[in-house]
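Shown here: structure_10.cif, mmCIF, C-alpha atoms.
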```
data_start
#
loop_
_atom_site.label_atom_id
_atom_site.label_comp_id
_atom_site.auth_asym_id
_atom_site.auth_seq_id
_atom_site.Cartn_x
_atom_site.Cartn_y
_atom_site.Cartn_z
CA MET A 274 -44.85 -91.01 -88.84
CA SER A 275 -45.80 -88.27 -86.38
CA GLY A 276 -48.99 -89.79 -85.03
CA VAL A 277 -52.19 -90.69 -86.83
CA GLY A 278 -54.00 -87.34 -87.02
CA ALA A 279 -55.96 -86.01 -89.99
CA TRP A 280 -56.21 -82.28 -90.67
CA ILE A 281 -59.45 -81.17 -92.34
CA ARG A 282 -58.90 -77.52 -93.26
CA TYR A 283 -61.54 -75.82 -95.42
CA GLY A 284 -61.84 -72.38 -93.83
CA ASP A 285 -59.96 -69.09 -94.13
CA PRO A 286 -56.46 -68.78 -95.65
CA ILE A 287 -54.00 -71.01 -93.82
CA PRO A 288 -51.36 -69.28 -91.67
CA ALA A 289 -47.78 -70.57 -91.67
CA ASP A 290 -47.91 -71.64 -88.02
CA GLN A 291 -50.79 -74.01 -88.75
CA VAL A 292 -48.87 -75.58 -91.62
CA ALA A 293 -45.85 -76.08 -89.35
CA PHE A 294 -48.04 -77.61 -86.62
CA ALA A 295 -49.75 -79.92 -89.12
CA ALA A 296 -46.42 -81.15 -90.45
CA LYS A 297 -45.40 -82.17 -86.93
CA HIS A 298 -48.65 -83.78 -85.82
CA TYR A 299 -50.70 -85.14 -88.72
CA ARG A 300 -50.51 -88.06 -91.11
CA ALA A 301 -53.03 -86.76 -93.65
CA ALA A 302 -54.53 -83.41 -94.65
CA ILE A 303 -57.55 -82.31 -96.70
CA LEU A 304 -57.29 -78.74 -97.99
CA GLN A 305 -59.22 -76.55 -100.38
CA PRO A 306 -57.91 -77.09 -103.93
CA TRP A 307 -56.55 -73.55 -104.23
CA GLU A 308 -54.26 -74.07 -101.19
CA THR A 309 -51.44 -75.34 -103.41
CA ASP A 310 -48.76 -73.38 -101.56
CA ALA A 311 -49.76 -74.96 -98.26
CA ALA A 312 -49.90 -78.38 -99.91
CA ALA A 313 -46.42 -77.95 -101.36
CA GLU A 314 -45.03 -76.83 -98.00
CA LEU A 315 -46.57 -79.79 -96.21
CA LYS A 316 -45.03 -82.16 -98.75
CA ARG A 317 -41.66 -80.41 -98.34
CA LEU A 318 -41.77 -80.73 -94.57
CA ARG A 319 -43.38 -84.16 -94.51
CA PRO A 320 -42.95 -86.10 -97.77
CA ASP A 321 -44.73 -89.06 -96.14
CA MET A 322 -47.91 -87.06 -95.42
CA THR A 323 -50.92 -87.71 -97.67
CA VAL A 324 -52.23 -84.30 -98.77
CA LEU A 325 -55.59 -84.25 -100.56
CA CYS A 326 -57.60 -81.47 -102.16
CA TYR A 327 -61.33 -81.09 -101.65
CA LYS A 328 -63.70 -81.56 -104.59
CA CYS A 329 -67.47 -82.02 -104.50
CA PHE A 330 -69.06 -84.78 -106.58
CA SER A 331 -72.66 -83.61 -106.32
CA SER A 332 -72.76 -79.81 -106.46
CA THR A 333 -71.38 -76.69 -108.06
CA ARG A 334 -71.10 -73.37 -106.20
CA ASP A 335 -72.16 -70.10 -107.81
CA TYR A 336 -70.12 -67.85 -105.49
CA GLU A 337 -66.61 -69.08 -106.27
CA PRO A 338 -64.61 -66.69 -108.48
CA GLY A 339 -62.13 -69.27 -109.74
CA PRO A 340 -59.91 -70.08 -111.49
CA VAL A 341 -59.77 -73.04 -109.05
CA TYR A 342 -63.05 -74.44 -107.77
CA SER A 343 -64.17 -76.75 -104.97
CA SER A 344 -66.37 -78.57 -107.49
CA GLY A 345 -65.29 -80.63 -110.45
CA VAL A 346 -67.41 -78.50 -112.79
CA ALA A 347 -67.70 -74.74 -112.28
CA TYR A 348 -71.14 -73.08 -112.19
CA ARG A 349 -70.50 -71.01 -115.31
CA GLU A 350 -69.09 -74.02 -117.13
CA ALA A 351 -72.26 -76.00 -116.34
CA GLU A 352 -74.44 -73.14 -117.60
CA GLU A 353 -72.51 -73.07 -120.87
CA GLU A 354 -73.68 -76.63 -121.49
CA GLY A 355 -77.25 -75.44 -121.71
CA GLY A 356 -78.25 -76.33 -118.17
CA ALA A 357 -78.57 -80.09 -118.70
CA TRP A 358 -75.91 -80.77 -116.10
CA PHE A 359 -78.05 -79.21 -113.35
CA ALA A 360 -80.63 -81.37 -111.63
CA THR A 361 -84.02 -79.68 -111.54
CA ARG A 362 -87.37 -80.01 -109.88
CA LEU A 363 -90.20 -81.36 -111.97
CA ASP A 364 -91.18 -77.78 -112.91
CA GLY A 365 -87.69 -77.19 -114.32
CA THR A 366 -86.27 -75.00 -111.53
CA ARG A 367 -82.76 -75.67 -110.29
CA ILE A 368 -82.21 -77.05 -106.79
CA GLU A 369 -80.23 -75.09 -104.21
CA TRP A 370 -79.15 -77.13 -101.20
CA ASN A 371 -81.02 -76.39 -97.99
CA GLY A 372 -78.62 -74.86 -95.47
CA TYR A 373 -75.86 -74.34 -98.03
CA GLY A 374 -76.63 -71.25 -100.05
CA GLY A 375 -75.07 -71.12 -103.50
CA HIS A 376 -74.65 -74.91 -103.73
CA TRP A 377 -76.60 -76.34 -106.67
CA GLN A 378 -77.41 -80.01 -107.12
CA MET A 379 -75.86 -81.49 -110.25
CA ASN A 380 -77.23 -84.17 -112.54
CA VAL A 381 -74.80 -86.92 -111.60
CA ARG A 382 -76.68 -89.30 -113.88
CA ASP A 383 -75.59 -87.32 -116.94
CA ALA A 384 -72.64 -89.03 -118.64
CA GLY A 385 -71.43 -85.69 -120.01
CA TYR A 386 -71.29 -84.14 -116.55
CA ARG A 387 -69.41 -87.11 -115.17
CA ALA A 388 -66.92 -87.10 -118.05
CA ARG A 389 -66.23 -83.37 -117.64
CA TRP A 390 -65.81 -83.76 -113.86
CA VAL A 391 -63.20 -86.45 -114.42
CA GLN A 392 -61.48 -84.52 -117.21
CA ASN A 393 -61.28 -81.28 -115.20
CA VAL A 394 -60.06 -82.81 -111.95
CA THR A 395 -57.52 -85.08 -113.60
CA ALA A 396 -56.05 -82.17 -115.56
CA GLU A 397 -55.90 -80.00 -112.43
CA LEU A 398 -54.08 -82.70 -110.42
CA LEU A 399 -51.62 -83.65 -113.14
CA GLU A 400 -48.82 -81.28 -112.04
CA SER A 401 -50.20 -80.58 -108.57
CA PRO A 402 -48.46 -80.98 -105.20
CA PHE A 403 -51.61 -82.75 -103.95
CA ASP A 404 -51.46 -86.53 -103.66
CA GLY A 405 -55.05 -86.84 -104.75
CA VAL A 406 -58.64 -85.83 -104.12
CA MET A 407 -61.08 -86.12 -101.24
CA ALA A 408 -64.36 -86.20 -103.14
CA ASP A 409 -67.20 -84.97 -100.95
CA ASN A 410 -70.89 -85.86 -101.12
CA ASP A 411 -70.76 -89.43 -102.27
CA VAL A 412 -74.23 -89.32 -100.72
CA PHE A 413 -76.62 -92.07 -99.68
CA ASP A 414 -79.78 -90.29 -98.50
CA ASP A 415 -81.42 -86.90 -99.16
CA TYR A 416 -79.31 -84.70 -96.87
CA TYR A 417 -80.08 -81.38 -98.57
CA GLN A 418 -83.87 -81.54 -98.95
CA LEU A 419 -83.85 -82.31 -102.66
CA ASN A 420 -87.35 -83.70 -102.06
CA LEU A 421 -87.35 -86.33 -104.78
CA PRO A 422 -88.59 -87.09 -107.36
CA ILE A 423 -86.53 -84.61 -109.36
CA ARG A 424 -85.23 -84.61 -112.88
CA PRO A 425 -83.59 -86.99 -113.68
CA ALA A 426 -84.02 -89.10 -110.52
CA SER A 427 -87.12 -90.67 -109.03
CA SER A 428 -85.24 -92.00 -106.01
CA MET A 429 -81.94 -91.69 -104.17
CA ALA A 430 -81.01 -95.04 -105.69
CA ASP A 431 -80.88 -93.27 -109.07
CA LEU A 432 -78.48 -90.64 -107.73
CA ARG A 433 -76.38 -93.29 -106.02
CA ASP A 434 -76.12 -95.14 -109.32
CA GLY A 435 -74.79 -92.00 -111.03
CA LEU A 436 -72.30 -91.43 -108.23
CA ASP A 437 -71.18 -95.04 -108.41
CA HIS A 438 -70.24 -94.54 -112.07
CA LEU A 439 -68.49 -91.26 -111.22
CA VAL A 440 -66.45 -92.79 -108.39
CA HIS A 441 -65.09 -95.54 -110.60
CA ALA A 442 -64.37 -93.26 -113.56
CA ALA A 443 -62.65 -90.64 -111.40
CA GLY A 444 -60.70 -93.22 -109.42
CA GLN A 445 -59.37 -94.95 -112.52
CA SER A 446 -58.42 -91.66 -114.15
CA LEU A 447 -56.65 -90.27 -111.08
CA ASN A 448 -54.82 -93.54 -110.46
CA SER A 449 -53.59 -93.44 -114.06
CA ILE A 450 -51.63 -90.24 -113.27
CA GLY A 451 -50.34 -91.48 -109.92
CA LYS A 452 -52.98 -89.77 -107.75
CA ILE A 453 -55.55 -91.24 -105.38
CA LEU A 454 -59.28 -90.77 -104.86
CA VAL A 455 -60.70 -90.78 -101.31
CA PRO A 456 -64.50 -90.30 -101.43
CA ASN A 457 -66.59 -89.18 -98.48
CA ILE A 458 -68.58 -92.41 -98.56
CA ALA A 459 -71.87 -91.76 -96.81
CA GLU A 460 -73.47 -94.55 -94.77
CA SER A 461 -71.56 -97.35 -96.45
CA ARG A 462 -72.48 -99.64 -93.54
CA ARG A 463 -75.99 -99.89 -95.02
CA VAL A 464 -74.84 -101.59 -98.23
CA PRO A 465 -72.41 -104.52 -98.02
CA GLY A 466 -69.36 -103.86 -100.17
CA ARG A 467 -70.03 -100.14 -100.70
CA TRP A 468 -67.05 -98.99 -98.64
CA ALA A 469 -64.59 -101.43 -100.22
CA SER A 470 -65.81 -100.58 -103.73
CA HIS A 471 -65.66 -96.79 -103.37
CA ALA A 472 -62.40 -96.84 -101.37
CA ALA A 473 -60.63 -99.00 -103.94
CA TYR A 474 -58.77 -96.08 -105.56
CA GLY A 475 -56.81 -94.86 -102.56
CA GLY A 476 -59.08 -94.89 -99.53
CA GLY A 477 -62.30 -93.61 -97.99
CA PHE A 478 -63.42 -90.80 -95.70
CA GLU A 479 -66.01 -91.49 -92.97
CA GLU A 480 -67.31 -88.12 -91.79
CA VAL A 481 -69.59 -89.55 -89.10
CA TRP A 482 -67.47 -92.18 -87.35
CA LEU A 483 -69.49 -93.64 -84.42
CA GLY A 484 -72.16 -90.91 -84.52
CA TYR A 485 -73.90 -88.03 -86.28
CA GLY A 486 -73.21 -85.44 -83.59
CA PRO A 487 -71.50 -84.98 -80.21
CA ARG A 488 -74.60 -86.20 -78.36
CA ASP A 489 -76.05 -88.31 -81.17
CA LEU A 490 -73.80 -91.35 -81.05
CA PHE A 491 -74.68 -94.68 -82.64
CA ASP A 492 -76.07 -97.70 -80.81
CA PRO A 493 -73.67 -100.65 -80.49
CA ALA A 494 -74.92 -102.53 -83.55
CA THR A 495 -74.63 -99.45 -85.78
CA ALA A 496 -71.20 -98.53 -84.43
CA GLU A 497 -69.90 -102.05 -84.92
CA ALA A 498 -71.25 -102.11 -88.49
CA GLN A 499 -68.78 -99.27 -89.25
CA LEU A 500 -65.72 -100.96 -87.80
CA PRO A 501 -64.41 -102.66 -91.00
CA GLN A 502 -63.97 -99.17 -92.48
CA ALA A 503 -61.05 -98.55 -90.14
CA ASP A 504 -58.98 -101.21 -91.88
CA GLY A 505 -58.92 -99.95 -95.48
CA PRO A 506 -58.65 -100.50 -98.35
CA GLY A 507 -56.17 -97.69 -98.82
CA LEU A 508 -56.17 -94.72 -96.44
CA SER A 509 -59.19 -94.67 -94.12
CA ILE A 510 -59.80 -91.16 -92.75
CA LEU A 511 -62.24 -91.25 -89.84
CA ARG A 512 -63.85 -88.22 -88.18
CA VAL A 513 -65.71 -88.46 -84.88
CA PRO A 514 -68.06 -85.56 -83.99
CA THR A 515 -67.38 -83.34 -80.96
CA ASN A 516 -68.64 -79.98 -79.71
CA GLY A 517 -65.38 -78.31 -80.78
CA ASP A 518 -63.57 -78.83 -77.48
CA ASP A 519 -60.52 -81.07 -77.92
CA ASN A 520 -61.13 -82.37 -74.39
CA HIS A 521 -64.53 -83.74 -75.42
CA PRO A 522 -64.72 -87.46 -74.51
CA ASN A 523 -65.64 -88.39 -78.09
CA PHE A 524 -62.03 -87.62 -79.09
CA THR A 525 -60.60 -90.57 -77.17
CA TYR A 526 -63.75 -92.65 -77.79
CA GLY A 527 -63.22 -92.50 -81.55
CA LEU A 528 -59.43 -92.73 -81.34
CA ALA A 529 -59.55 -95.88 -79.22
CA ALA A 530 -61.89 -97.56 -81.70
CA PHE A 531 -59.66 -96.39 -84.56
CA TRP A 532 -56.70 -98.20 -83.01
CA ILE A 533 -58.54 -101.34 -81.92
CA PHE A 534 -60.10 -102.00 -85.32
CA GLY A 535 -57.76 -100.20 -87.72
CA ARG A 536 -54.40 -100.96 -86.08
CA GLY A 537 -53.48 -97.29 -86.51
CA GLN A 538 -53.09 -97.70 -90.25
CA GLY A 539 -55.36 -94.86 -91.36
CA SER A 540 -55.87 -91.32 -90.10
CA PHE A 541 -58.22 -89.88 -87.48
CA THR A 542 -59.71 -86.55 -86.44
CA ALA A 543 -62.35 -85.16 -84.09
CA THR A 544 -64.16 -81.92 -84.91
CA ALA A 545 -67.39 -80.02 -84.39
CA HIS A 546 -69.75 -79.60 -87.35
CA ASP A 547 -68.00 -77.56 -90.08
CA ASP A 548 -65.22 -76.71 -87.59
CA TYR A 549 -62.50 -76.72 -90.23
CA SER A 550 -60.35 -73.66 -89.58
CA ARG A 551 -58.00 -74.82 -86.81
CA THR A 552 -55.70 -77.63 -85.68
CA GLN A 553 -57.53 -80.12 -83.46
CA HIS A 554 -55.19 -82.13 -81.26
CA ILE A 555 -54.71 -84.16 -78.08
CA PRO A 556 -51.42 -85.76 -76.98
CA GLU A 557 -52.72 -89.29 -77.66
CA LEU A 558 -53.09 -88.38 -81.35
CA ASP A 559 -49.29 -88.38 -81.63
CA TRP A 560 -48.86 -91.82 -80.11
CA SER A 561 -47.80 -94.84 -82.10
CA LEU A 562 -49.05 -97.92 -80.30
CA GLY A 563 -47.10 -100.15 -82.66
CA ALA A 564 -48.04 -103.59 -83.93
CA PRO A 565 -50.94 -105.44 -82.29
CA ARG A 566 -50.11 -108.30 -79.92
CA GLU A 567 -53.58 -109.82 -80.28
CA LYS A 568 -56.85 -109.58 -82.14
CA PRO A 569 -59.60 -107.29 -80.78
CA LYS A 570 -61.15 -108.83 -77.68
CA GLY A 571 -64.83 -108.11 -77.09
CA ARG A 572 -67.74 -109.02 -74.89
CA GLN A 573 -71.15 -107.31 -74.74
CA HIS A 574 -69.92 -104.47 -77.02
CA VAL A 575 -66.89 -103.68 -74.81
CA TRP A 576 -63.64 -104.13 -76.73
CA SER A 577 -59.91 -103.91 -76.04
CA ARG A 578 -56.62 -104.65 -77.77
CA GLU A 579 -53.00 -104.70 -76.69
CA PHE A 580 -50.19 -103.40 -78.90
CA ASN A 581 -46.41 -103.48 -78.59
CA GLY A 582 -46.51 -99.82 -77.60
CA GLY A 583 -49.76 -99.56 -75.69
CA TRP A 584 -53.37 -100.60 -75.13
CA ALA A 585 -56.83 -99.29 -76.01
CA ALA A 586 -60.37 -100.08 -74.88
CA VAL A 587 -63.81 -98.88 -75.91
CA ASN A 588 -67.41 -99.33 -74.73
CA PHE A 589 -70.01 -99.01 -77.52
CA ASN A 590 -73.02 -99.45 -75.23
CA LYS A 591 -75.47 -96.54 -75.02
CA ASP A 592 -76.97 -97.79 -71.75
CA GLY A 593 -74.92 -96.52 -68.82
CA ARG A 594 -75.76 -99.65 -66.86
CA ARG A 595 -73.85 -101.85 -69.32
CA LYS A 596 -70.43 -101.67 -67.72
CA ARG A 597 -67.77 -104.35 -67.43
CA ARG A 598 -64.50 -104.34 -65.53
CA ILE A 599 -61.50 -104.79 -67.85
CA SER A 600 -58.01 -105.84 -66.86
CA VAL A 601 -55.29 -103.44 -68.01
CA PRO A 602 -51.86 -104.80 -69.03
CA PRO A 603 -48.94 -103.73 -66.82
CA GLY A 604 -46.36 -101.09 -67.68
CA LEU A 605 -48.74 -98.50 -69.19
CA ALA A 606 -49.28 -94.79 -68.57
CA ASP A 607 -51.74 -92.06 -69.54
CA ALA A 608 -50.97 -88.85 -71.45
CA ALA A 609 -49.83 -87.12 -68.24
CA GLY A 610 -47.37 -89.93 -67.46
CA ASN A 611 -49.44 -91.35 -64.61
CA PRO A 612 -49.37 -95.16 -64.28
CA ALA A 613 -52.45 -96.87 -65.69
CA PRO A 614 -54.70 -98.74 -63.26
CA THR A 615 -54.58 -102.51 -63.12
CA SER A 616 -58.24 -102.59 -64.15
CA LEU A 617 -60.99 -100.16 -65.06
CA VAL A 618 -64.71 -99.86 -65.74
CA LEU A 619 -65.48 -97.88 -68.88
CA PRO A 620 -68.67 -95.80 -68.92
CA ALA A 621 -71.01 -96.12 -71.90
CA GLN A 622 -69.70 -94.66 -75.18
CA ARG A 623 -66.25 -93.93 -73.86
CA GLY A 624 -62.76 -95.01 -74.83
CA VAL A 625 -59.32 -95.00 -73.26
CA ILE A 626 -55.76 -95.27 -74.57
CA TYR A 627 -52.58 -95.95 -72.61
CA GLN A 628 -49.01 -95.89 -73.85
CA ARG A 629 -46.27 -98.31 -72.86
CA GLY A 630 -43.51 -96.72 -70.80
CA GLN A 631 -40.13 -96.11 -72.44
CA SER A 632 -38.49 -98.67 -70.15
CA HIS A 633 -40.64 -101.36 -71.71
#
```
Mind turning this structure into structure tokens?
Amino acid sequence: MSGVGAWIRYGDPIPADQVAFAAKHYRAAILQPWETDAAAELKRLRPDMTVLCYKCFSSTRDYEPGPVYSSGVAYREAEEEGGAWFATRLDGTRIEWNGYGGHWQMNVRDAGYRARWVQNVTAELLESPFDGVMADNDVFDDYYQLNLPIRPASSMADLRDGLDHLVHAAGQSLNSIGKILVPNIAESRRVPGRWASHAAYGGGFEEVWLGYGPRDLFDPATAEAQLPQADGPGLSILRVPTNGDDNHPNFTYGLAAFWIFGRGQGSFTATAHDDYSRTQHIPELDWSLGAPREKPKGRQHVWSREFNGGWAAVNFNKDGRRKRRISVPPGLADAAGNPAPTSLVLPAQRGVIYQRGQSH
């Protein structure tokens, strides 16, 4: 493996140099479903990389020309079914997502819609270079101002029920052809078992690991409620929010937590909101810290863990006064090759990673 990075790449056509960089530095990639040439090249260069195509569970987009779509059911295809697959307001008008023009909310409670979604996506993936699907908008709350009640849902619980059926149907179908399903499982920490259930067909994607935005990070209890997600089942892809600068402290904050609680088994990225047209990277993303030498050690929301190839520590406290001095194992160095200190005090909501020197 060349590090633990995840490449989320939804933007403009992908240049060859980005594909080459991704093959050297990432463990997983999520591409638009029409980027089959890029997917095939990644698999040629890195057969061990997990390459997923994007599909939306909850919407269809009226601006996509096809023949490949980012939704499981194309807009025109949904219209040909008489409109029943579109969710509507109580007056019968269709619902366009706030902030995402051309995205229309689908009736995920309709068994016909769900069956067609599964049929279409399974058929598309059958002979595809993609290893599976990252299914977006496995939603929990009303993120797009649907302003319920709508038809056919009086609450978000109704929509979640429809999505629950769709996750299991799609996962079983894709698994039957040797492909995986990795849903973007929103706010799974709020429902015990939600992550494990929806990640059971290949893994799960957490788009807001440790916070909603670069300055809107979770309190310790909320952050720690997410931590089991780092350890599967399947491939856990975790994204921490930044302002778009790879030197943003959230990059190492999220990466340290990823290692401490996931043992480096999944894949990790750090991006700004909708910043999906480049190759985010820091040197530590390429490190393999190896097998853990101990279980996570924590006190007052400050955690650390030693590995055969390094060490990581993280402070989940929001209050800058909650600091604790931590002893650092010997024989470690930072990304510049400088020796690690013998101890350190981590500021609030910060993380650090050191690598063991080659002589060790």
All residues 12 Å or closer to Pro338 in chain A, all atoms listed in the file, same chain fewer than 6 positions away omitted, as a PyMOL selection string: chain A and resi 307+347-349
>> Just want the 6 Å neighbourhood of Asn590 in chain A, counted on only C-alpha atoms, with same-chain residues fewer than 2 positions away dropped. Output as a ChimeraX atom specification.
In response: /A:493,588,592,621-622
Min atom-atom distance to Val277 in chain A from the set A:Phe580, A:Tyr417, A:Tyr299, A:Phe534, counting all atoms listed in the file, belongs to A:Tyr299
Exercise for the section: Using CA of Tyr474 in chain A and CA of Leu325 in chain A as the two end points, give the distance in Å to one decimal. Expected result: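 For CA of Tyr474 in chain A relative to CA of Leu325 in chain A, the distance reads 13.2 Å.
Nearest to Ile555 in chain A of all the residues A:Phe524, A:Phe541, A:Trp584, A:Trp576 is A:Phe524, counting all atoms listed in the file.
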Next on the checklist: Which residues, named as in the file, does the PyMOL selection byres ((chain A and resi 514) around 8) pick out? Answer as JSON, numbers by chain.
Outcome noted: {"A": [481, 482, 484, 485, 486, 487, 512, 513, 515, 516, 523, 543, 544, 545, 546]}
Could the residues in this selection be saved with C-alpha atoms as a PDB file, keeping the file's coordinate frame?
```pdb
ATOM      1  CA  VAL A 481     -69.590 -89.550 -89.100  1.00  0.00           C
ATOM      2  CA  TRP A 482     -67.470 -92.180 -87.350  1.00  0.00           C
ATOM      3  CA  GLY A 484     -72.160 -90.910 -84.520  1.00  0.00           C
ATOM      4  CA  TYR A 485     -73.900 -88.030 -86.280  1.00  0.00           C
ATOM      5  CA  GLY A 486     -73.210 -85.440 -83.590  1.00  0.00           C
ATOM      6  CA  PRO A 487     -71.500 -84.980 -80.210  1.00  0.00           C
ATOM      7  CA  ARG A 512     -63.850 -88.220 -88.180  1.00  0.00           C
ATOM      8  CA  VAL A 513     -65.710 -88.460 -84.880  1.00  0.00           C
ATOM      9  CA  THR A 515     -67.380 -83.340 -80.960  1.00  0.00           C
ATOM     10  CA  ASN A 516     -68.640 -79.980 -79.710  1.00  0.00           C
ATOM     11  CA  ASN A 523     -65.640 -88.390 -78.090  1.00  0.00           C
ATOM     12  CA  ALA A 543     -62.350 -85.160 -84.090  1.00  0.00           C
ATOM     13  CA  THR A 544     -64.160 -81.920 -84.910  1.00  0.00           C
ATOM     14  CA  ALA A 545     -67.390 -80.020 -84.390  1.00  0.00           C
ATOM     15  CA  HIS A 546     -69.750 -79.600 -87.350  1.00  0.00           C
TER      16      HIS A 546
END
```
Practice item. To verify the selection step, state as JSON, numbers by chain which residues the PyMOL selection byres ((chain A and resi 386-401) around 10) yields on this input. Key: {"A": [306, 309, 312, 313, 326, 328, 329, 330, 341, 342, 344, 345, 346, 347, 350, 351, 354, 357, 358, 359, 379, 380, 381, 382, 383, 384, 385, 402, 403, 404, 405, 406, 435, 436, 438, 439, 440, 442, 443, 444, 445, 446, 447, 448, 449, 450, 451, 452]}
Can you write just those residues out, C-alpha atoms, as a compact mmCIF listing (two decimals), in the frame of the given file?
```
# COMPACT_ATOMS: atom_id res chain seq x y z
CA PRO A 306 -57.91 -77.09 -103.93
CA THR A 309 -51.44 -75.34 -103.41
CA ALA A 312 -49.90 -78.38 -99.91
CA ALA A 313 -46.42 -77.95 -101.36
CA CYS A 326 -57.60 -81.47 -102.16
CA LYS A 328 -63.70 -81.56 -104.59
CA CYS A 329 -67.47 -82.02 -104.50
CA PHE A 330 -69.06 -84.78 -106.58
CA VAL A 341 -59.77 -73.04 -109.05
CA TYR A 342 -63.05 -74.44 -107.77
CA SER A 344 -66.37 -78.57 -107.49
CA GLY A 345 -65.29 -80.63 -110.45
CA VAL A 346 -67.41 -78.50 -112.79
CA ALA A 347 -67.70 -74.74 -112.28
CA GLU A 350 -69.09 -74.02 -117.13
CA ALA A 351 -72.26 -76.00 -116.34
CA GLU A 354 -73.68 -76.63 -121.49
CA ALA A 357 -78.57 -80.09 -118.70
CA TRP A 358 -75.91 -80.77 -116.10
CA PHE A 359 -78.05 -79.21 -113.35
CA MET A 379 -75.86 -81.49 -110.25
CA ASN A 380 -77.23 -84.17 -112.54
CA VAL A 381 -74.80 -86.92 -111.60
CA ARG A 382 -76.68 -89.30 -113.88
CA ASP A 383 -75.59 -87.32 -116.94
CA ALA A 384 -72.64 -89.03 -118.64
CA GLY A 385 -71.43 -85.69 -120.01
CA PRO A 402 -48.46 -80.98 -105.20
CA PHE A 403 -51.61 -82.75 -103.95
CA ASP A 404 -51.46 -86.53 -103.66
CA GLY A 405 -55.05 -86.84 -104.75
CA VAL A 406 -58.64 -85.83 -104.12
CA GLY A 435 -74.79 -92.00 -111.03
CA LEU A 436 -72.30 -91.43 -108.23
CA HIS A 438 -70.24 -94.54 -112.07
CA LEU A 439 -68.49 -91.26 -111.22
CA VAL A 440 -66.45 -92.79 -108.39
CA ALA A 442 -64.37 -93.26 -113.56
CA ALA A 443 -62.65 -90.64 -111.40
CA GLY A 444 -60.70 -93.22 -109.42
CA GLN A 445 -59.37 -94.95 -112.52
CA SER A 446 -58.42 -91.66 -114.15
CA LEU A 447 -56.65 -90.27 -111.08
CA ASN A 448 -54.82 -93.54 -110.46
CA SER A 449 -53.59 -93.44 -114.06
CA ILE A 450 -51.63 -90.24 -113.27
CA GLY A 451 -50.34 -91.48 -109.92
CA LYS A 452 -52.98 -89.77 -107.75
```
Selection in question (the file shown): the PyMOL selection byres ((chain A and resi 303) around 7). Which residues does it include, as a VMD selection string? chain A and resid 280 to 282 302 304 324 to 327 407
Considering only C-alpha atoms, give me a table of residues in range 501-535 of chain A that are at most 8 Å from range 463-470 of chain A, with the closest atom pair and distance in Å for each, as JSON lines.
```
{"residue": "A:Gln502", "atom": "CA", "partner": "A:Trp468", "partner_atom": "CA", "distance": 6.9}
{"residue": "A:Gly505", "atom": "CA", "partner": "A:Ala469", "partner_atom": "CA", "distance": 7.5}
{"residue": "A:Pro506", "atom": "CA", "partner": "A:Ala469", "partner_atom": "CA", "distance": 6.3}
```
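Minimum atom-to-atom distances from A:Gly374, A:Ser343, A:Ala311, A:Pro422 to Thr361 in chain A were compared using all atoms listed in the file, and the lowest value belongs to A:Pro422.
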- Task: Calculate how many Å separate CA of Ala503 in chain A from CA of Ile458 in chain A, rounding to one decimal.
- Result: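 Computing the Euclidean distance for CA of Ala503 in chain A and CA of Ile458 in chain A yields 12.9 Å.
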A straight line from CA of Ser550 in chain A to CA of Tyr627 in chain A spans 29.1 Å
- Which neighbours of Ala295 in chain A fall inside 10 Å, counting only C-alpha atoms, when residues of the same chain fewer than 5 positions from it are skipped, and could you give them as a PyMOL selection string? chain A and resi 275+278-280+289-290+300-302+315+318-319+322+551-554
